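Asker: Okay, here's the structure, questions in a sec.
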Amino acid sequence: MQEFYTNLPPKDKDNLDKTIEKLTTTNYEDNFQFNAGEYDAAVAFFVKRGFERVAAESTAYVILSQAKIDSVSPQSILDQLTYANPAQLSELITIVLNANRYKSSRLGVRKTLTTKETVSRNILD
């Protein structure tokens, strides 16, 4: 949009302008405040299990924000994740991250398909 400079008082925004402003400025901007100890504990939990620092921080943020939305203690979530083996932890984190993403940018795991060396067929008369 172009800006026009004038001495007239500013006009009120119509619904279209309000919608455009909302979509371009406040989309997915939920500000959460976390306890520093809980945040550090969550980051350390994921770093200890082999996550890179940046991945651990973003995963901890998602876990803490979802815990705040659901009114659940983040430590109880981490306690339950303690018993997961690395494959289960990866799958659970993928599910949690997908719940907070657009459907067009989902994460997934690629399964390698194996083929049999011999081909079996049904022969009908």
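Starting from 1 in every chain, residues are counted up; chains themselves are A, B, ... following the order of the structure tokens, and ligands are numbered from 1 as listed.
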Looking only at the backbone, which of the residues in range 2-125 of chain A does DSSP tag as alpha helix (DSSP H), as a PyMOL selection string?

Answerer: chain A and resi 15-25+36-48+53-70+74-81+86-99

Asker: Within 12 Å of range 33-35 of chain A, counting only C-alpha atoms, which residues qualify if same-chain residues fewer than 6 places away don't, as a VMD selection string?

Answerer: chain A and resid 41 to 42 60 to 69 73 to 75

Asker: For the residues in that selection, give me C-alpha atoms as an mmCIF file, in the first residue's frame.

Answerer:
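Here's the written file result-v2.cif:
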data_model
loop_
_atom_site.group_PDB
_atom_site.id
_atom_site.type_symbol
_atom_site.label_atom_id
_atom_site.label_comp_id
_atom_site.auth_asym_id
_atom_site.auth_seq_id
_atom_site.Cartn_x
_atom_site.Cartn_y
_atom_site.Cartn_z
ATOM 1 C CA ALA A 41 16.003 -27.721 32.687
ATOM 2 C CA ALA A 42 14.061 -28.410 29.492
ATOM 3 C CA ALA A 60 11.908 -26.679 24.960
ATOM 4 C CA TYR A 61 9.991 -23.538 23.980
ATOM 5 C CA VAL A 62 7.289 -25.593 22.268
ATOM 6 C CA ILE A 63 7.006 -27.986 25.228
ATOM 7 C CA LEU A 64 6.854 -25.140 27.766
ATOM 8 C CA SER A 65 4.325 -23.118 25.776
ATOM 9 C CA GLN A 66 2.056 -26.130 25.280
ATOM 10 C CA ALA A 67 2.379 -26.985 28.983
ATOM 11 C CA LYS A 68 1.334 -23.438 29.848
ATOM 12 C CA ILE A 69 -1.657 -23.622 27.484
ATOM 13 C CA SER A 73 3.728 -28.837 34.822
ATOM 14 C CA PRO A 74 6.537 -28.935 32.238
ATOM 15 C CA GLN A 75 8.592 -31.059 34.613
#

Asker: Would you mind telling me which residue in A:Glu21, A:Glu38, A:Glu3, A:Asp14 lies nearest to Ile77 in chain A when using only C-alpha atoms?

Answerer: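 Of A:Glu21, A:Glu38, A:Glu3, A:Asp14, the one nearest Ile77 in chain A, counting only C-alpha atoms, is A:Glu38.
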
Asker: Neighbours of Thr59 in chain A within 8 Å (only C-alpha atoms; same-chain residues fewer than 5 positions away dropped), as JSON, numbers by chain?

Answerer: {"A": [43, 46, 93, 97]}

Asker: Take the residues from that selection and write them out as a PDB file, in the first residue's frame, keeping N, CA and C atoms.

Answerer:
ATOM      1  N   VAL A  43      15.878 -27.330  28.281  1.00  0.00           N
ATOM      2  CA  VAL A  43      16.953 -27.280  27.283  1.00  0.00           C
ATOM      3  C   VAL A  43      18.015 -28.321  27.612  1.00  0.00           C
ATOM      4  N   PHE A  46      17.033 -31.928  26.651  1.00  0.00           N
ATOM      5  CA  PHE A  46      17.162 -32.297  25.239  1.00  0.00           C
ATOM      6  C   PHE A  46      18.612 -32.302  24.776  1.00  0.00           C
ATOM      7  N   ILE A  93       8.623 -36.143  19.798  1.00  0.00           N
ATOM      8  CA  ILE A  93       8.958 -34.748  19.521  1.00  0.00           C
ATOM      9  C   ILE A  93       8.437 -34.348  18.146  1.00  0.00           C
ATOM     10  N   LEU A  97       5.953 -31.241  17.595  1.00  0.00           N
ATOM     11  CA  LEU A  97       6.300 -30.148  16.684  1.00  0.00           C
ATOM     12  C   LEU A  97       5.292 -30.027  15.547  1.00  0.00           C
TER      13      LEU A  97
END

Asker: Mind pulling up the distance from CA of Lys48 in chain A to CA of Tyr83 in chain A?

Answerer: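 Pair CA of Tyr83 in chain A / CA of Lys48 in chain A returns 13.6 Å.
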